[in-house]
>>> print(open('coords.txt').read())   # compact mmCIF, C-alpha atoms and all ligand atoms
# COMPACT_ATOMS: atom_id res chain seq x y z
CA MET M 27 -18.62 -4.52 -2.00
CA GLN M 28 -20.29 -1.43 -0.47
CA LEU M 29 -22.56 -1.87 2.52
CA ASN M 30 -26.31 -1.40 2.19
CA SER M 31 -27.86 1.41 4.21
CA PHE M 32 -28.88 -0.86 7.10
CA GLU M 33 -25.37 -2.29 7.58
CA ARG M 34 -23.80 1.14 7.04
CA PHE M 35 -26.02 2.45 9.86
CA LEU M 36 -24.88 -0.42 12.16
CA VAL M 37 -21.19 -0.14 11.27
CA THR M 38 -20.89 3.63 11.67
CA GLY M 39 -22.86 3.96 14.91
CA LYS M 40 -21.73 4.17 18.54
CA LEU M 41 -22.86 0.59 19.18
CA ARG M 42 -20.32 -0.69 16.65
CA ARG M 43 -17.54 1.15 18.49
CA LEU M 44 -18.69 -0.40 21.76
CA VAL M 45 -18.88 -3.94 20.34
CA LEU M 46 -15.52 -3.63 18.57
CA ARG M 47 -13.75 -2.34 21.69
CA ARG M 48 -15.50 -4.22 24.49
CA PHE M 49 -16.11 -7.52 22.75
CA ASP M 50 -14.12 -8.15 19.54
CA ALA M 51 -10.90 -6.49 20.72
CA VAL M 52 -11.10 -8.07 24.20
CA ARG M 53 -11.47 -11.49 22.60
CA LEU M 54 -8.57 -10.89 20.18
CA LEU M 55 -6.37 -9.67 23.03
CA LYS M 56 -7.08 -12.87 24.96
CA LEU M 57 -6.26 -14.95 21.87
CA GLY M 58 -3.19 -13.10 20.63
CA GLY M 59 -2.03 -10.48 23.11
CA ARG M 60 -1.02 -6.88 22.33
CA VAL M 61 1.12 -5.68 19.45
CA ASP M 62 3.11 -3.20 21.58
CA GLY M 63 4.92 -1.01 19.07
CA GLY M 64 5.35 -1.55 15.37
CA THR M 65 3.39 -0.53 12.32
CA VAL M 66 0.08 -2.23 11.69
CA LEU M 67 -2.50 -2.25 8.90
CA GLU M 68 -6.26 -2.42 9.16
CA ILE M 69 -8.11 -3.55 6.03
CA GLY M 70 -11.63 -2.14 5.51
CA CYS M 71 -11.45 0.37 8.34
CA GLY M 72 -15.06 1.65 8.18
CA ARG M 73 -15.43 4.63 10.52
CA GLY M 74 -12.00 4.07 12.07
CA PHE M 75 -12.95 2.33 15.31
CA GLY M 76 -10.41 -0.44 14.59
CA VAL M 77 -7.64 2.12 14.02
CA GLU M 78 -8.39 3.67 17.39
CA ALA M 79 -8.40 0.21 19.06
CA ALA M 80 -5.12 -0.78 17.38
CA LEU M 81 -3.53 2.33 18.89
CA ASP M 82 -4.97 2.47 22.39
CA LEU M 83 -5.91 -1.15 23.17
CA PHE M 84 -3.29 -3.10 21.20
CA GLY M 85 -0.46 -0.59 21.64
CA ALA M 86 0.52 -0.18 17.97
CA LYS M 87 2.95 2.66 17.34
CA GLN M 88 1.58 3.55 13.91
CA VAL M 89 -1.55 2.45 12.06
CA HIS M 90 -2.21 2.45 8.34
CA ALA M 91 -5.72 1.68 7.10
CA PHE M 92 -7.83 1.71 3.97
CA ASP M 93 -11.39 1.14 2.85
CA ALA M 94 -12.94 0.44 -0.55
CA ASP M 95 -15.67 3.01 0.11
CA PRO M 96 -14.42 6.62 -0.18
CA ALA M 97 -17.23 7.78 2.13
CA MET M 98 -15.87 5.48 4.87
CA VAL M 99 -12.38 6.93 4.39
CA GLY M 100 -13.82 10.41 5.01
CA LEU M 101 -15.75 9.23 8.07
CA ALA M 102 -12.66 7.56 9.52
CA GLN M 103 -10.53 10.66 8.99
CA ARG M 104 -13.18 12.82 10.68
CA GLU M 105 -13.68 10.39 13.60
CA LEU M 106 -9.95 10.08 14.28
CA THR M 107 -9.46 13.83 13.99
CA GLN M 108 -12.23 14.41 16.54
CA ARG M 109 -10.52 11.93 18.86
CA ARG M 110 -7.27 13.89 18.40
CA LEU M 111 -5.49 10.90 16.89
CA MET M 112 -4.62 12.46 13.52
CA ALA M 113 -1.89 14.75 14.85
CA GLY M 114 1.85 14.19 15.28
CA GLY M 115 4.51 12.18 13.52
CA ASN M 116 2.80 8.82 14.06
CA ALA M 117 -0.64 9.93 12.91
CA PRO M 118 -2.62 7.16 11.17
CA ARG M 119 -2.49 7.10 7.38
CA ILE M 120 -5.87 6.31 5.79
CA TRP M 121 -6.56 5.77 2.10
CA HIS M 122 -9.08 4.53 -0.44
CA GLY M 123 -8.06 1.02 -1.46
CA ASN M 124 -8.97 -2.58 -2.10
CA ALA M 125 -8.05 -5.57 0.08
CA SER M 126 -7.49 -7.69 -3.04
CA GLU M 127 -4.72 -5.34 -4.19
CA ILE M 128 -3.13 -3.72 -1.16
CA GLN M 129 -1.06 -0.61 -1.92
CA ALA M 130 1.81 -1.46 0.40
CA ALA M 131 5.25 -3.00 0.15
CA THR M 132 5.87 -6.69 0.79
CA ALA M 133 6.54 -7.49 4.49
CA ALA M 134 5.72 -3.89 5.48
CA TYR M 135 3.63 -4.63 8.57
CA ASP M 136 4.06 -6.18 11.99
CA ALA M 137 0.35 -6.98 12.26
CA VAL M 138 -2.80 -6.82 10.15
CA PHE M 139 -6.32 -6.37 11.54
CA ASP M 140 -9.46 -7.59 9.79
CA PHE M 141 -12.64 -6.59 11.61
CA GLN M 142 -15.49 -8.06 9.54
CA VAL M 143 -14.17 -7.27 6.07
CA LEU M 144 -13.13 -10.43 4.17
CA HIS M 145 -16.70 -11.72 3.88
CA HIS M 146 -17.53 -8.53 1.95
CA VAL M 147 -14.75 -9.07 -0.57
CA SER M 148 -15.79 -10.94 -3.73
CA ASP M 149 -12.29 -12.27 -4.29
CA TRP M 150 -11.53 -12.91 -0.62
CA ARG M 151 -8.84 -15.49 -1.46
CA SER M 152 -6.75 -12.80 -3.20
CA ALA M 153 -7.25 -10.60 -0.14
CA VAL M 154 -5.82 -13.37 2.10
CA GLU M 155 -2.86 -13.66 -0.29
CA GLU M 156 -2.35 -9.89 -0.13
CA VAL M 157 -2.54 -9.82 3.67
CA ALA M 158 0.10 -12.58 3.74
CA ARG M 159 2.28 -10.59 1.36
CA VAL M 160 2.26 -7.34 3.35
CA LEU M 161 2.87 -9.04 6.73
CA ARG M 162 6.49 -9.57 7.71
CA PRO M 163 7.58 -13.11 8.64
CA GLY M 164 6.51 -13.61 12.26
CA GLY M 165 3.89 -10.87 11.89
CA LYS M 166 0.42 -11.45 13.25
CA LEU M 167 -3.06 -11.49 11.79
CA TYR M 168 -5.95 -10.48 14.08
CA LEU M 169 -9.24 -11.46 12.48
CA VAL M 170 -12.95 -11.28 13.30
CA GLU M 171 -15.20 -12.62 10.57
CA SER M 172 -18.71 -13.68 9.65
CA LEU M 173 -18.88 -17.20 8.26
CA ARG M 174 -21.03 -18.71 5.55
CA GLY M 175 -23.67 -19.85 8.04
CA LEU M 176 -24.39 -16.21 8.88
CA ILE M 177 -24.26 -14.96 5.28
CA GLU M 178 -26.76 -17.65 4.25
CA ASN M 179 -29.01 -17.11 7.26
CA PRO M 180 -32.47 -16.30 5.84
CA ILE M 181 -33.02 -13.35 8.25
CA TRP M 182 -29.60 -11.68 7.94
CA GLY M 183 -29.60 -12.50 4.23
CA ARG M 184 -32.63 -10.22 3.80
CA TRP M 185 -31.12 -7.32 5.77
CA MET M 186 -27.54 -7.25 4.51
CA ASP M 187 -25.91 -7.33 1.07
CA HIS M 188 -22.95 -9.67 0.79
CA PRO M 189 -21.34 -11.41 -2.17
CA ARG M 190 -22.93 -14.88 -2.33
CA ASP M 191 -20.46 -16.99 -4.30
CA ASP M 192 -17.66 -18.88 -2.60
CA ARG M 193 -18.28 -17.62 0.96
CA PHE M 194 -16.09 -19.33 3.55
CA THR M 195 -16.91 -21.82 6.26
CA LEU M 196 -14.48 -21.93 9.19
CA SER M 197 -12.54 -24.88 7.74
CA VAL M 198 -12.27 -23.25 4.28
CA LEU M 199 -10.96 -20.03 5.85
CA LEU M 200 -8.41 -21.94 7.94
CA GLU M 201 -7.25 -23.91 4.88
CA GLU M 202 -6.79 -20.71 2.87
CA LEU M 203 -4.81 -19.10 5.69
CA GLU M 204 -2.57 -22.16 5.93
CA ARG M 205 -2.11 -22.22 2.13
CA HIS M 206 -0.76 -18.65 2.32
CA GLY M 207 1.73 -19.39 5.07
CA PHE M 208 -0.18 -18.67 8.27
CA THR M 209 -0.03 -20.77 11.41
CA LEU M 210 -3.14 -20.56 13.55
CA GLN M 211 -2.36 -19.37 17.08
CA ALA M 212 -5.76 -19.45 18.72
CA LYS M 213 -9.42 -19.17 17.78
CA ARG M 214 -12.94 -18.93 19.15
CA ASN M 215 -16.01 -19.45 17.04
CA TRP M 216 -19.77 -19.40 17.36
CA GLY M 217 -20.58 -22.41 15.21
CA GLU M 218 -20.57 -21.47 11.55
CA GLN M 219 -21.65 -17.87 12.29
CA PHE M 220 -18.63 -15.95 13.64
CA VAL M 221 -14.90 -16.53 14.23
CA TRP M 222 -12.24 -14.62 16.17
CA LEU M 223 -8.67 -15.77 15.54
CA THR M 224 -5.03 -14.86 15.58
CA ALA M 225 -2.46 -16.41 13.25
CA SER M 226 1.20 -15.80 12.65
CA ARG M 227 2.93 -15.42 9.27
CA ASN M 228 5.59 -18.10 8.77
C1 LIG M 301 -18.79 -4.68 8.04
S1 LIG M 301 -17.85 -3.26 7.62
C2 LIG M 301 -16.62 -3.28 8.90
C3 LIG M 301 -15.97 -1.93 9.10
C4 LIG M 301 -14.95 -1.89 10.25
N1 LIG M 301 -13.84 -2.79 10.01
C5 LIG M 301 -15.61 -2.23 11.56
O1 LIG M 301 -15.41 -3.34 12.07
O2 LIG M 301 -16.36 -1.40 12.05
C6 LIG M 301 -16.94 -3.77 6.20
C7 LIG M 301 -16.06 -2.68 5.62
O3 LIG M 301 -15.25 -3.24 4.60
C8 LIG M 301 -15.21 -2.34 3.50
N2 LIG M 301 -14.88 -3.13 2.31
C9 LIG M 301 -15.69 -3.94 1.58
N3 LIG M 301 -15.01 -4.52 0.57
C10 LIG M 301 -13.72 -4.07 0.67
C11 LIG M 301 -12.53 -4.30 -0.08
N4 LIG M 301 -12.52 -5.12 -1.14
N5 LIG M 301 -11.40 -3.69 0.31
C12 LIG M 301 -11.40 -2.86 1.37
N6 LIG M 301 -12.50 -2.60 2.12
C13 LIG M 301 -13.64 -3.19 1.78
C14 LIG M 301 -16.58 -1.70 3.49
O4 LIG M 301 -16.60 -0.48 2.77
C15 LIG M 301 -16.83 -1.52 4.98
O5 LIG M 301 -16.34 -0.30 5.46
>>> encode(input="coords.txt", output="structure tokens")
Amino acid sequence: MQLNSFERFLVTGKLRRLVLRRFDAVRLLKLGGRVDGGTVLEIGCGRGFGVEAALDLFGAKQVHAFDADPAMVGLAQRELTQRRLMAGGNAPRIWHGNASEIQAATAAYDAVFDFQVLHHVSDWRSAVEEVARVLRPGGKLYLVESLRGLIENPIWGRWMDHPRDDRFTLSVLLEELERHGFTLQAKRNWGEQFVWLTASRN
């Protein structure tokens, strides 16, 4: 689902880059450590701040990423070009795609990053299944998500557009991850609002 103009403004601004790098990434690094080498995938890459973080903070060798909104794909390509990250043999590959039907081979990735995307996906359970499919056994999922408590919050609910049916609580998300062969490594959550977690693919 595409973002409304308010959320698009938040997600493409400098503050989002700061929060992703100084807060979300720091928390994920504490929970799951660095990738150090390997090829990783980011689902729903927005303006590309997660691609940049996967390269310079998590130490990925190569990053692939996609977004369901073609405008975001363009923004990410421009942002990463300006940061001189689109050059060379290991330049990120960015495409227009859907998390419920990932255009990648089975077991292709050493790690997958989800920075605030699954809660935007109507069929988020298929997206979890797809993430499990494209991760190699032993590969790692790094995830930051908004939970049902936030989606149903009367204030945020007025400002942001999210699918409303079948949104996940923390326990529902953990159950779905387990059902698709993930073992939780570590997590932090703010009640039923936000979760940061890492999980490994069995
Ligand atoms: C809240 S933004 C997060 C963007 C970026 N990951 C970040 O943290 O800055 C959610 C992103 O997911 C994308 N998105 C929504 N549904 C998607 C889907 N089914 N498949 C891939 N991307 C999707 C949106 O276009 C948007 O760029």
>>> closest_residue(input="coords.txt", among="M:Ala131, M:Leu199, M:Leu41, M:Val143", to="ligand LIG 301 (chain M)", atoms="all atoms listed in the file")
M:Val143
>>> axis_aligned_box(input="coords.txt", around="ligand LIG 301 (chain M)", padding_each_side="4 Å", output="lines of an AutoDock Vina configuration file")
center_x = -15.1
center_y = -2.7
center_z = 5.5
size_x = 15.4
size_y = 12.8
size_z = 21.2
>>> closest_residue(input="coords.txt", among="M:Ser31, M:Gly85, M:His146, M:Val37", to="Ala102 of chain M", atoms="only C-alpha atoms")
M:Val37
>>> closest_residue(input="coords.txt", among="M:Thr38, M:Gln142, M:Thr107, M:Asn179", to="Asp50 of chain M", atoms="only C-alpha atoms")
M:Gln142
>>> closest_residue(input="coords.txt", among="M:Val66, M:Ala125, M:Leu169, M:Ala225", to="ligand LIG 301 (chain M)", atoms="all atoms listed in the file")
M:Ala125
>>> closest_residue(input="coords.txt", among="M:Pro189, M:Gly207, M:Gly76, M:Gly63", to="Arg47 of chain M", atoms="all atoms listed in the file")
M:Gly76
>>> closest_residue(input="coords.txt", among="M:Phe139, M:Trp222, M:Phe32, M:Phe49", to="Val89 of chain M", atoms="only C-alpha atoms")
M:Phe139
